[in-house]
file data38.txt (compact mmCIF, C-alpha atoms and all ligand atoms)
# COMPACT_ATOMS: atom_id res chain seq x y z
CA MET A 92 89.08 -116.80 -24.66
CA PRO A 93 86.81 -116.14 -21.62
CA ILE A 94 85.16 -112.73 -21.26
CA GLU A 95 87.23 -110.37 -19.11
CA PHE A 96 85.10 -108.90 -16.33
CA ALA A 97 85.91 -106.00 -14.00
CA GLN A 98 88.14 -107.13 -11.11
CA ARG A 99 85.46 -106.37 -8.57
CA ILE A 100 83.27 -109.12 -10.02
CA SER A 101 85.57 -111.72 -8.45
CA ARG A 102 85.38 -109.88 -5.08
CA ILE A 103 81.61 -109.32 -4.81
CA PRO A 104 80.01 -112.07 -2.70
CA VAL A 105 76.94 -113.73 -4.17
CA TYR A 106 73.89 -112.78 -2.08
CA PRO A 107 72.55 -115.90 -0.32
CA VAL A 108 69.02 -115.88 -1.74
CA ALA A 109 66.44 -118.22 -0.22
CA SER A 110 65.17 -121.13 -2.27
CA GLY A 111 61.65 -122.54 -2.30
CA TYR A 112 59.73 -119.83 -4.15
CA ASP A 113 58.82 -122.45 -6.77
CA LEU A 114 57.60 -125.08 -4.31
CA GLY A 115 53.91 -124.24 -4.26
CA ALA A 116 51.46 -123.61 -1.45
CA ASP A 117 52.08 -126.25 1.19
CA VAL A 118 55.39 -124.87 2.35
CA ALA A 119 56.06 -122.74 5.43
CA MET A 120 58.19 -119.91 3.98
CA LEU A 121 60.17 -118.90 7.06
CA ALA A 122 63.43 -118.09 5.30
CA SER A 123 63.26 -114.45 4.20
CA ASN A 124 61.75 -112.42 7.05
CA GLU A 125 58.74 -111.48 4.96
CA SER A 126 55.34 -110.66 6.40
CA CYS A 127 52.91 -113.58 6.57
CA PHE A 128 50.08 -111.06 6.02
CA GLY A 129 49.14 -110.22 2.43
CA PRO A 130 48.83 -106.63 1.24
CA LEU A 131 45.56 -104.87 2.13
CA PRO A 132 42.90 -104.80 -0.65
CA GLU A 133 43.19 -100.99 -0.84
CA VAL A 134 46.92 -101.30 -1.45
CA VAL A 135 46.44 -103.88 -4.20
CA GLN A 136 43.80 -101.61 -5.76
CA ALA A 137 46.15 -98.62 -5.71
CA ALA A 138 48.85 -100.64 -7.49
CA GLN A 139 46.35 -101.86 -10.06
CA ASP A 140 45.07 -98.34 -10.71
CA ALA A 141 48.62 -97.17 -11.32
CA LEU A 142 49.06 -99.84 -13.99
CA ALA A 143 46.45 -98.11 -16.16
CA GLY A 144 49.03 -95.35 -16.75
CA ALA A 145 51.91 -97.73 -17.47
CA ASN A 146 52.58 -96.16 -20.88
CA ARG A 147 54.15 -93.19 -19.05
CA TYR A 148 57.34 -93.25 -17.00
CA PRO A 149 56.73 -93.11 -13.26
CA ASP A 150 56.97 -89.77 -11.43
CA PRO A 151 60.77 -89.30 -11.38
CA SER A 152 60.66 -87.16 -8.25
CA TYR A 153 58.45 -89.65 -6.37
CA SER A 154 56.63 -86.64 -5.00
CA ALA A 155 53.51 -88.34 -3.56
CA LEU A 156 55.52 -90.92 -1.64
CA ARG A 157 58.10 -88.42 -0.44
CA LEU A 158 55.33 -86.13 0.74
CA ALA A 159 53.52 -88.95 2.56
CA LEU A 160 56.75 -90.00 4.31
CA SER A 161 57.62 -86.38 5.06
CA GLU A 162 54.26 -85.83 6.74
CA ARG A 163 54.44 -89.06 8.70
CA TYR A 164 57.96 -88.57 10.03
CA ASP A 165 58.18 -84.78 9.97
CA VAL A 166 61.36 -84.88 7.89
CA PRO A 167 61.62 -82.48 4.91
CA ALA A 168 60.95 -84.21 1.59
CA GLN A 169 64.36 -83.05 0.26
CA ARG A 170 65.97 -85.23 2.95
CA ILE A 171 64.09 -88.39 1.96
CA ALA A 172 65.74 -90.83 -0.44
CA LEU A 173 63.83 -93.71 -1.96
CA GLY A 174 64.98 -96.92 -3.57
CA SER A 175 63.93 -100.13 -5.19
CA GLY A 176 64.03 -101.77 -1.79
CA SER A 177 66.28 -100.43 0.96
CA CYS A 178 69.02 -102.62 -0.58
CA ASP A 179 69.07 -100.19 -3.47
CA VAL A 180 69.67 -97.27 -1.09
CA LEU A 181 72.42 -99.24 0.66
CA LEU A 182 74.21 -99.96 -2.60
CA ALA A 183 73.85 -96.31 -3.61
CA ALA A 184 75.42 -95.30 -0.29
CA GLY A 185 78.35 -97.61 -1.01
CA GLU A 186 78.81 -96.06 -4.43
CA ALA A 187 78.44 -92.49 -3.17
CA LEU A 188 80.76 -92.84 -0.17
CA LEU A 189 83.29 -95.60 -0.77
CA GLU A 190 86.38 -96.05 -2.94
CA PRO A 191 89.79 -97.73 -2.66
CA GLY A 192 91.54 -96.49 0.49
CA ALA A 193 88.25 -95.84 2.32
CA GLU A 194 86.93 -97.99 5.16
CA LEU A 195 83.51 -99.29 6.05
CA VAL A 196 82.72 -100.52 9.58
CA TYR A 197 79.88 -102.84 10.55
CA ALA A 198 79.09 -105.55 13.06
CA TRP A 199 79.34 -109.14 11.88
CA PRO A 200 77.28 -111.17 11.34
CA ALA A 201 74.83 -108.54 10.10
CA PHE A 202 72.86 -108.05 6.88
CA SER A 203 74.40 -110.11 4.06
CA VAL A 204 74.52 -107.17 1.65
CA TYR A 205 77.02 -105.15 3.72
CA PRO A 206 80.15 -106.98 2.49
CA HIS A 207 79.02 -106.23 -1.06
CA LEU A 208 79.50 -102.49 -0.50
CA ALA A 209 83.21 -102.82 0.20
CA ALA A 210 83.80 -105.46 -2.46
CA ALA A 211 82.12 -103.39 -5.16
CA SER A 212 83.97 -100.18 -4.32
CA GLY A 213 87.40 -101.52 -3.36
CA ALA A 214 87.07 -100.04 0.14
CA ARG A 215 88.20 -102.02 3.20
CA ALA A 216 85.48 -103.74 5.22
CA VAL A 217 85.98 -103.92 8.99
CA GLY A 218 83.67 -106.51 10.55
CA VAL A 219 83.30 -106.17 14.33
CA PRO A 220 82.17 -109.33 16.17
CA LEU A 221 78.85 -109.23 18.02
CA ASP A 222 78.94 -109.66 21.79
CA SER A 223 78.09 -112.95 23.55
CA ASP A 224 74.36 -112.09 23.48
CA GLU A 225 74.55 -111.62 19.69
CA ARG A 226 74.20 -107.84 20.05
CA HIS A 227 76.17 -105.02 18.43
CA ASP A 228 79.27 -104.12 20.45
CA LEU A 229 79.08 -100.36 19.92
CA GLU A 230 82.24 -99.67 21.96
CA ALA A 231 84.23 -101.98 19.69
CA ILE A 232 82.64 -100.43 16.60
CA ALA A 233 83.56 -96.90 17.76
CA ALA A 234 87.12 -98.08 18.35
CA GLU A 235 87.42 -99.19 14.71
CA VAL A 236 86.59 -95.76 13.27
CA THR A 237 89.74 -94.22 11.74
CA VAL A 238 90.55 -91.25 9.51
CA ALA A 239 89.87 -93.53 6.55
CA THR A 240 86.33 -94.47 7.68
CA ARG A 241 83.60 -93.15 5.41
CA LEU A 242 80.65 -95.27 6.47
CA VAL A 243 79.43 -97.05 9.62
CA LEU A 244 76.47 -99.42 9.33
CA ILE A 245 74.40 -100.24 12.41
CA CYS A 246 71.79 -102.94 11.78
CA ASN A 247 69.24 -102.37 14.51
CA PRO A 248 67.48 -104.78 15.08
CA ASN A 249 70.22 -106.92 13.62
CA ASN A 250 69.67 -109.36 10.81
CA PRO A 251 70.38 -112.30 11.26
CA THR A 252 70.54 -112.36 15.07
CA SER A 253 67.28 -110.43 15.77
CA THR A 254 68.75 -108.40 18.64
CA ALA A 255 68.52 -104.64 19.14
CA VAL A 256 70.62 -102.10 21.01
CA GLY A 257 68.94 -99.20 22.81
CA LEU A 258 68.75 -95.74 21.24
CA ASP A 259 70.67 -94.24 24.15
CA GLU A 260 73.59 -96.51 23.26
CA VAL A 261 73.30 -95.60 19.57
CA GLY A 262 73.21 -91.93 20.58
CA SER A 263 76.46 -92.34 22.55
CA LEU A 264 78.09 -93.99 19.52
CA LEU A 265 77.05 -91.05 17.33
CA GLU A 266 78.76 -88.66 19.73
CA ARG A 267 82.01 -90.57 19.20
CA VAL A 268 81.89 -90.77 15.40
CA PRO A 269 83.48 -87.78 13.61
CA PRO A 270 80.99 -85.68 11.61
CA HIS A 271 82.56 -86.53 8.23
CA VAL A 272 81.64 -90.21 8.67
CA CYS A 273 78.21 -91.23 7.44
CA VAL A 274 76.33 -93.52 9.86
CA ILE A 275 73.47 -95.56 8.43
CA LEU A 276 71.04 -96.92 11.00
CA ASP A 277 69.50 -99.82 9.10
CA GLU A 278 66.11 -100.17 10.78
CA ALA A 279 64.38 -102.61 8.41
CA TYR A 280 62.72 -104.30 11.42
CA CYS A 281 62.36 -101.41 13.89
CA GLU A 282 58.56 -101.56 13.95
CA PHE A 283 58.75 -104.99 15.63
CA SER A 284 61.12 -103.82 18.36
CA LEU A 285 59.92 -103.26 21.90
CA ARG A 286 63.38 -102.07 22.91
CA LEU A 287 63.36 -99.26 20.32
CA GLY A 288 59.87 -98.15 21.27
CA ASP A 289 57.82 -96.77 18.40
CA PRO A 290 59.07 -96.10 14.85
CA PHE A 291 59.38 -92.39 15.64
CA ALA A 292 61.78 -92.72 18.55
CA SER A 293 65.01 -92.98 16.55
CA LEU A 294 64.17 -89.89 14.49
CA GLU A 295 65.45 -87.87 17.39
CA LEU A 296 68.94 -89.07 16.39
CA LEU A 297 68.70 -87.15 13.11
CA ARG A 298 68.57 -83.91 15.03
CA GLY A 299 72.04 -82.44 15.30
CA HIS A 300 73.56 -85.28 13.25
CA PRO A 301 73.60 -84.37 9.53
CA ASN A 302 75.80 -87.45 8.95
CA VAL A 303 73.08 -89.89 10.08
CA VAL A 304 70.75 -91.80 7.76
CA ILE A 305 67.80 -93.89 8.97
CA LEU A 306 67.09 -96.66 6.50
CA ARG A 307 63.66 -98.31 6.39
CA THR A 308 61.64 -100.57 4.11
CA PHE A 309 58.12 -101.41 2.97
CA SER A 310 59.20 -105.06 2.55
CA LYS A 311 58.66 -106.16 6.14
CA VAL A 312 56.03 -104.45 8.28
CA TYR A 313 54.03 -103.20 5.27
CA GLY A 314 54.14 -106.60 3.55
CA LEU A 315 55.22 -105.26 0.15
CA ALA A 316 58.44 -107.24 -0.38
CA ALA A 317 57.61 -108.09 -4.00
CA LEU A 318 57.15 -104.43 -4.98
CA ARG A 319 60.59 -103.34 -3.73
CA VAL A 320 60.26 -100.01 -1.92
CA GLY A 321 62.76 -98.70 0.61
CA TYR A 322 63.41 -95.24 2.00
CA ALA A 323 66.04 -93.29 3.86
CA LEU A 324 65.41 -90.39 6.22
CA CYS A 325 68.63 -88.41 5.90
CA GLY A 326 70.18 -85.99 8.38
CA SER A 327 71.11 -83.66 5.53
CA VAL A 328 70.08 -82.80 1.96
CA ALA A 329 73.68 -83.41 0.83
CA VAL A 330 73.45 -87.13 1.60
CA ARG A 331 70.13 -87.49 -0.21
CA GLU A 332 71.52 -85.67 -3.25
CA ALA A 333 74.60 -87.90 -3.36
CA LEU A 334 72.44 -91.03 -3.08
CA ASP A 335 70.30 -89.88 -6.00
CA GLN A 336 73.32 -88.85 -8.08
CA VAL A 337 74.67 -92.38 -8.43
CA ARG A 338 71.40 -93.97 -9.53
CA GLN A 339 69.47 -94.48 -12.71
CA PRO A 340 66.34 -92.33 -13.11
CA PHE A 341 62.96 -94.01 -12.53
CA TYR A 342 64.22 -96.63 -10.05
CA LEU A 343 60.81 -96.95 -8.39
CA ASN A 344 57.97 -98.08 -10.61
CA ALA A 345 54.53 -96.44 -10.58
CA ALA A 346 52.67 -99.41 -9.03
CA ALA A 347 55.21 -99.61 -6.20
CA GLN A 348 54.97 -95.86 -5.52
CA ALA A 349 51.16 -95.96 -5.42
CA ALA A 350 51.05 -99.06 -3.22
CA ALA A 351 53.50 -97.56 -0.73
CA VAL A 352 51.53 -94.30 -0.46
CA GLU A 353 48.34 -96.27 0.17
CA ALA A 354 50.03 -98.59 2.68
CA LEU A 355 51.01 -95.59 4.81
CA ARG A 356 47.31 -94.69 5.17
CA HIS A 357 46.51 -97.88 7.13
CA GLN A 358 48.60 -97.55 10.27
CA ASP A 359 45.91 -99.05 12.53
CA GLU A 360 46.03 -102.30 10.60
CA VAL A 361 49.83 -102.18 10.50
CA GLU A 362 49.87 -101.86 14.30
CA ARG A 363 47.44 -104.78 14.68
CA ARG A 364 49.71 -106.92 12.51
CA VAL A 365 52.77 -105.88 14.50
CA ALA A 366 50.99 -106.83 17.74
CA LYS A 367 50.07 -110.25 16.32
CA THR A 368 53.63 -110.82 15.11
CA ILE A 369 55.08 -109.89 18.50
CA ALA A 370 52.64 -112.24 20.26
CA GLU A 371 53.50 -115.08 17.87
CA ARG A 372 57.20 -114.34 18.29
CA GLY A 373 56.91 -114.76 22.05
CA ALA A 374 55.07 -118.07 21.65
CA LEU A 375 57.64 -119.27 19.12
CA GLU A 376 60.57 -118.33 21.37
CA ASP A 377 58.94 -120.15 24.30
CA SER A 378 58.34 -123.30 22.24
CA VAL A 379 61.93 -123.35 21.01
CA ARG A 380 63.24 -122.85 24.55
CA GLU A 381 61.09 -125.81 25.60
CA LEU A 382 63.21 -127.85 23.18
CA ASP A 383 66.12 -126.81 25.40
CA LEU A 384 67.67 -124.54 22.76
CA TRP A 385 69.14 -121.04 23.16
CA VAL A 386 67.22 -118.30 21.39
CA ALA A 387 68.38 -114.69 21.14
CA GLU A 388 66.04 -112.07 22.61
CA SER A 389 64.26 -111.02 19.41
CA ASP A 390 63.25 -107.48 18.50
CA ALA A 391 62.37 -108.40 14.93
CA ASN A 392 59.93 -110.54 12.93
CA PHE A 393 62.31 -113.50 13.11
CA ILE A 394 64.24 -115.46 15.71
CA TRP A 395 67.80 -116.72 15.95
CA VAL A 396 68.25 -120.21 17.37
CA ARG A 397 71.55 -121.84 18.33
CA LEU A 398 71.69 -125.53 17.47
CA PRO A 399 73.13 -128.12 19.87
CA GLU A 400 76.89 -128.48 19.57
CA ASP A 401 77.38 -132.03 20.87
CA ASP A 402 78.85 -134.57 18.46
CA ALA A 403 75.72 -136.73 18.46
CA ALA A 404 73.51 -133.85 17.29
CA PRO A 405 72.69 -133.46 13.59
CA SER A 406 74.69 -130.80 11.76
CA GLU A 407 73.19 -127.46 10.79
CA ALA A 408 72.97 -128.61 7.15
CA GLU A 409 71.16 -131.77 8.21
CA VAL A 410 68.69 -129.79 10.33
CA VAL A 411 67.95 -127.34 7.49
CA ALA A 412 67.55 -130.20 4.98
CA GLY A 413 65.35 -132.14 7.43
CA LEU A 414 63.12 -129.10 7.91
CA ALA A 415 62.85 -128.60 4.14
CA GLU A 416 61.83 -132.26 3.73
CA ARG A 417 59.03 -131.52 6.20
CA GLY A 418 57.98 -128.45 4.20
CA VAL A 419 59.58 -125.81 6.43
CA LEU A 420 62.09 -123.41 4.88
CA VAL A 421 64.43 -121.54 7.23
CA ARG A 422 67.90 -120.02 6.80
CA ALA A 423 71.09 -121.78 7.78
CA GLY A 424 73.37 -119.67 9.98
CA GLU A 425 76.33 -120.72 7.83
CA SER A 426 74.92 -118.80 4.83
CA LEU A 427 74.48 -115.72 7.03
CA GLY A 428 77.92 -115.60 8.63
CA ARG A 429 77.58 -117.86 11.70
CA GLU A 430 77.47 -121.62 11.48
CA GLY A 431 75.49 -123.61 14.04
CA ALA A 432 72.33 -121.52 14.09
CA LEU A 433 69.02 -121.03 12.33
CA ARG A 434 67.23 -117.83 11.38
CA VAL A 435 63.50 -118.45 11.43
CA THR A 436 60.88 -115.91 10.32
CA VAL A 437 57.82 -115.58 12.56
CA GLY A 438 55.00 -116.99 10.42
CA THR A 439 51.38 -117.79 11.14
CA ALA A 440 50.61 -119.78 14.30
CA ALA A 441 50.21 -122.93 12.16
CA GLU A 442 53.53 -122.37 10.36
CA ASN A 443 55.37 -121.74 13.62
CA GLU A 444 53.92 -124.91 15.17
CA ARG A 445 54.91 -126.86 12.09
CA PHE A 446 58.48 -125.58 12.45
CA VAL A 447 58.70 -126.41 16.17
CA GLU A 448 57.28 -129.90 15.68
CA ALA A 449 59.63 -130.60 12.77
CA LEU A 450 62.68 -129.28 14.65
CA GLY A 451 61.79 -131.29 17.76
CA GLY A 452 61.48 -134.42 15.60
CA ILE A 453 64.85 -133.87 13.88
CA LEU A 454 66.65 -133.23 17.18
CA GLY A 455 64.85 -136.09 18.93
CA ARG A 456 63.42 -133.64 21.47
CA ALA A 457 59.75 -133.69 20.49
C1 LIG B 1 68.62 -105.46 7.82
C2 LIG B 1 68.07 -105.36 6.45
N1 LIG B 1 68.24 -104.24 5.78
C3 LIG B 1 67.77 -104.09 4.54
C4 LIG B 1 67.08 -105.11 3.93
C5 LIG B 1 66.63 -104.90 2.52
O1 LIG B 1 65.28 -104.92 2.39
P1 LIG B 1 64.58 -104.43 1.06
O2 LIG B 1 65.62 -104.27 0.00
O3 LIG B 1 63.58 -105.48 0.75
O4 LIG B 1 63.95 -103.13 1.41
C6 LIG B 1 66.87 -106.31 4.59
C7 LIG B 1 66.16 -107.41 3.93
O5 LIG B 1 66.05 -108.50 4.39
C8 LIG B 1 67.39 -106.44 5.90
O6 LIG B 1 67.26 -107.57 6.58

call {"tool": "encode", "arguments": {"input": "data38.txt", "output": "C-alpha cells", "more": "lines below"}}
Ligand SMILES: Cc1ncc(COP(=O)(O)O)c(C=O)c1O
result
Amino acid sequence: MPIEFAQRISRIPVYPVASGYDLGADVAMLASNESCFGPLPEVVQAAQDALAGANRYPDPSYSALRLALSERYDVPAQRIALGSGSCDVLLAAGEALLEPGAELVYAWPAFSVYPHLAAASGARAVGVPLDSDERHDLEAIAAEVTVATRLVLICNPNNPTSTAVGLDEVGSLLERVPPHVCVILDEAYCEFSLRLGDPFASLELLRGHPNVVILRTFSKVYGLAALRVGYALCGSVAVREALDQVRQPFYLNAAAQAAAVEALRHQDEVERRVAKTIAERGALEDSVRELDLWVAESDANFIWVRLPEDDAAPSEAEVVAGLAERGVLVRAGESLGREGALRVTVGTAAENERFVEALGGILGRA
C-alpha cells in the first residue's frame, strides 16, 4: 500500500532547479542568476566568526540584521521580515494570506515559485500574460483583481524575462488595488535596474500603502546565494507579524545573519560590482544581437534571448544541450514557462564570450 500524502503534494509543481553544481570548475554557470563575484573577505570572516558560537541557537529576533536594514532603508525594524532566502518569505506570504476560495494574481511567465503558493494553499492562481515586449501588463493585472484576491505578485525586474516596469506604473497599479489585498513587489534584481533608479526609489511606494511588501535578497547583488538570506520591507507591522507567525523559529542561521550584516557595510564595492555587471550585460546583449537574435531589454543580472523559430533551426532543447556540451549552462525557457527562449546569467567577460561563441556555433551564425 503506497503512503498517502496530503492532496496538495500532487498539485505543487517541482521547482526547476539548475543542474551542473557537481561538474567542477571549467563550467560557465550561467543558469541561476547568481553573482559571478565571490563574497568579500570581510563577509567570509564574519560568517566564520559566527561559527565559533554555533553551540547556541542564533538570535531569534535577528536584531543586528533588522537594525542594519532598518538604518539603511529607514524602515522601522518591526516592519522588516527576514527569511532563509526571499523564497522563504514568499512561501510564508502564501501560507499567511491564501486558502481555498482565495485568489492570487501574477504575471506569467514570472518567478517559478509563484505557482507553488496557490498549489500549496488551494487558492486559485491567475496568471496574466506578459506584453509583447515581455513586460508586466499592469492594466491586465489590475483587471484580474476581484473580491477574492488576497495577493498580487509583481516581479520587477521580472524573472525570467529580465524586463522592468517603471515605478510610476507600479504606483498607478497600487492606486487601483483595494487596501485589503497584499501586493508583493518582488525586487530580487532591482539593484541592477537602470529603469528603477537606485534601490531606495521604490521605498516611496510603502508610504501610504500598508498593504505593500518590498521583497529583496542577499542572493544576487550581495553574492550570498549559498547562505540563504532574504528580507521584506513591509508597509505595516501586521504583515510582518503574520509572516513570522507561520514560520519555524530560528529560520536564519547565525553565520548567514553575520555575513548579511557585514555585506551591508560594503556598499561601495557592491556598487562597483553592479556597474561591472551592467557593463557586461550591455556587451552580452550586443553580441547576442549580432547573432541576429531578439533580446529583451534587461534590467537584471541576466538576459532573455528568443531562439530562431524557423524549421531548420535547432530546437531549444538541442541548443541547451549543445551549450552544456561546450561547458556553458543556461536555462531553457520551457522550464521557466515559455518555450523557445534562453535565460542567461551575466557572468564574467570570459564566460559571456564563451556563451556567445558556443551559441553562434550551434546556430551556425558564428
Ligand atoms: C524574482 C525572484 N524572487 C525571489 C528569488 C529567491 O531568491 P532567494 O530565495 O535566493 O532569496 C529569486 C531567485 O532566483 C528570484 O528570481

call {"tool": "closest_residue", "arguments": {"input": "data38.txt", "among": "A:Val274, A:Val180, A:Leu142, A:Val386", "to": "ligand LIG 1 (chain B)", "atoms": "all atoms listed in the file"}}
result
A:Val180

call {"tool": "closest_residue", "arguments": {"input": "data38.txt", "among": "A:Phe341, A:Phe96, A:Phe202, A:Tyr197", "to": "Gly218 (chain A)", "atoms": "only C-alpha atoms"}}
result
A:Tyr197

call {"tool": "residues_near_ligand", "arguments": {"input": "data38.txt", "ligand": "ligand LIG 1 (chain B)", "cutoff": "9 Å", "atoms": "all atoms listed in the file", "output": "PyMOL selection string"}}
result
chain A and resi 123-125+174-181+201-204+246-251+277-280+306-311+315-322

call {"tool": "axis_aligned_box", "arguments": {"input": "data38.txt", "around": "region 181-200 of chain A", "padding_each_side": "8 Å", "output": "lines of an AutoDock Vina configuration file"}}
result
center_x = 82.0
center_y = -101.8
center_z = 4.3
size_x = 35.1
size_y = 34.7
size_z = 33.5

call {"tool": "residues_around", "arguments": {"input": "data38.txt", "residues": "region 229-236 of chain A", "least_positions_apart": "4", "cutoff": "12 Å", "atoms": "only C-alpha atoms", "output": "PyMOL selection string"}}
result
chain A and resi 193-199+215-222+240-247+255-274

call {"tool": "closest_residue", "arguments": {"input": "data38.txt", "among": "A:Thr254, A:Asn344, A:Ser284, A:Gln136", "to": "Pro151 (chain A)", "atoms": "only C-alpha atoms"}}
result
A:Asn344

call {"tool": "closest_residue", "arguments": {"input": "data38.txt", "among": "A:Ala168, A:Val419, A:Pro206, A:Ile275", "to": "Glu444 (chain A)", "atoms": "all atoms listed in the file"}}
result
A:Val419

call {"tool": "residues_near_point", "arguments": {"input": "data38.txt", "point": "(56.5, -87.4, 4.4)", "cutoff": "12 Å", "atoms": "only C-alpha atoms", "output": "mmCIF file with C-alpha atoms, in the frame of the given file"}}
result
data_model
loop_
_atom_site.group_PDB
_atom_site.id
_atom_site.type_symbol
_atom_site.label_atom_id
_atom_site.label_comp_id
_atom_site.auth_asym_id
_atom_site.auth_seq_id
_atom_site.Cartn_x
_atom_site.Cartn_y
_atom_site.Cartn_z
ATOM 1 C CA TYR A 153 58.450 -89.650 -6.370
ATOM 2 C CA SER A 154 56.630 -86.640 -5.000
ATOM 3 C CA ALA A 155 53.510 -88.340 -3.560
ATOM 4 C CA LEU A 156 55.520 -90.920 -1.640
ATOM 5 C CA ARG A 157 58.100 -88.420 -0.440
ATOM 6 C CA LEU A 158 55.330 -86.130 0.740
ATOM 7 C CA ALA A 159 53.520 -88.950 2.560
ATOM 8 C CA LEU A 160 56.750 -90.000 4.310
ATOM 9 C CA SER A 161 57.620 -86.380 5.060
ATOM 10 C CA GLU A 162 54.260 -85.830 6.740
ATOM 11 C CA ARG A 163 54.440 -89.060 8.700
ATOM 12 C CA TYR A 164 57.960 -88.570 10.030
ATOM 13 C CA ASP A 165 58.180 -84.780 9.970
ATOM 14 C CA VAL A 166 61.360 -84.880 7.890
ATOM 15 C CA PRO A 167 61.620 -82.480 4.910
ATOM 16 C CA ALA A 168 60.950 -84.210 1.590
ATOM 17 C CA GLN A 169 64.360 -83.050 0.260
ATOM 18 C CA ARG A 170 65.970 -85.230 2.950
ATOM 19 C CA ILE A 171 64.090 -88.390 1.960
ATOM 20 C CA ALA A 172 65.740 -90.830 -0.440
ATOM 21 C CA LEU A 173 63.830 -93.710 -1.960
ATOM 22 C CA TYR A 322 63.410 -95.240 2.000
ATOM 23 C CA ALA A 323 66.040 -93.290 3.860
ATOM 24 C CA LEU A 324 65.410 -90.390 6.220
ATOM 25 C CA ALA A 351 53.500 -97.560 -0.730
ATOM 26 C CA VAL A 352 51.530 -94.300 -0.460
ATOM 27 C CA LEU A 355 51.010 -95.590 4.810
ATOM 28 C CA ARG A 356 47.310 -94.690 5.170
#

call {"tool": "build_atoms", "arguments": {"input": "data38.txt", "residues": "region 301-313 of chain A", "atoms": "N, CA, C and O atoms", "output": "mmCIF file, in the frame of the given file"}}
result
data_model
loop_
_atom_site.group_PDB
_atom_site.id
_atom_site.type_symbol
_atom_site.label_atom_id
_atom_site.label_comp_id
_atom_site.auth_asym_id
_atom_site.auth_seq_id
_atom_site.Cartn_x
_atom_site.Cartn_y
_atom_site.Cartn_z
ATOM 1 N N PRO A 301 73.824 -84.362 10.986
ATOM 2 C CA PRO A 301 73.600 -84.370 9.530
ATOM 3 C C PRO A 301 74.222 -85.583 8.843
ATOM 4 O O PRO A 301 73.891 -85.882 7.696
ATOM 5 N N ASN A 302 75.127 -86.285 9.551
ATOM 6 C CA ASN A 302 75.800 -87.450 8.950
ATOM 7 C C ASN A 302 74.998 -88.745 9.130
ATOM 8 O O ASN A 302 75.436 -89.805 8.674
ATOM 9 N N VAL A 303 73.837 -88.666 9.787
ATOM 10 C CA VAL A 303 73.080 -89.890 10.080
ATOM 11 C C VAL A 303 71.997 -90.126 9.029
ATOM 12 O O VAL A 303 71.361 -89.189 8.556
ATOM 13 N N VAL A 304 71.801 -91.393 8.697
ATOM 14 C CA VAL A 304 70.750 -91.800 7.760
ATOM 15 C C VAL A 304 69.965 -92.937 8.407
ATOM 16 O O VAL A 304 70.558 -93.915 8.873
ATOM 17 N N ILE A 305 68.653 -92.805 8.450
ATOM 18 C CA ILE A 305 67.800 -93.890 8.970
ATOM 19 C C ILE A 305 67.195 -94.606 7.776
ATOM 20 O O ILE A 305 66.491 -93.997 6.969
ATOM 21 N N LEU A 306 67.499 -95.888 7.669
ATOM 22 C CA LEU A 306 67.090 -96.660 6.500
ATOM 23 C C LEU A 306 65.926 -97.580 6.864
ATOM 24 O O LEU A 306 66.014 -98.335 7.842
ATOM 25 N N ARG A 307 64.860 -97.510 6.098
ATOM 26 C CA ARG A 307 63.660 -98.310 6.390
ATOM 27 C C ARG A 307 63.153 -98.975 5.105
ATOM 28 O O ARG A 307 63.579 -98.631 4.010
ATOM 29 N N THR A 308 62.150 -99.847 5.278
ATOM 30 C CA THR A 308 61.640 -100.570 4.110
ATOM 31 C C THR A 308 60.140 -100.825 4.200
ATOM 32 O O THR A 308 59.585 -100.900 5.309
ATOM 33 N N PHE A 309 59.523 -100.972 3.040
ATOM 34 C CA PHE A 309 58.120 -101.410 2.970
ATOM 35 C C PHE A 309 58.037 -102.937 2.833
ATOM 36 O O PHE A 309 56.957 -103.487 2.731
ATOM 37 N N SER A 310 59.188 -103.609 2.805
ATOM 38 C CA SER A 310 59.200 -105.060 2.550
ATOM 39 C C SER A 310 58.760 -105.881 3.753
ATOM 40 O O SER A 310 58.345 -107.027 3.593
ATOM 41 N N LYS A 311 58.899 -105.336 4.944
ATOM 42 C CA LYS A 311 58.660 -106.160 6.140
ATOM 43 C C LYS A 311 57.308 -105.814 6.762
ATOM 44 O O LYS A 311 56.338 -106.481 6.517
ATOM 45 N N VAL A 312 57.246 -104.732 7.527
ATOM 46 C CA VAL A 312 56.030 -104.450 8.280
ATOM 47 C C VAL A 312 54.851 -104.125 7.363
ATOM 48 O O VAL A 312 53.704 -104.408 7.690
ATOM 49 N N TYR A 313 55.122 -103.548 6.183
ATOM 50 C CA TYR A 313 54.030 -103.200 5.270
ATOM 51 C C TYR A 313 53.703 -104.339 4.287
ATOM 52 O O TYR A 313 52.795 -104.206 3.466
#
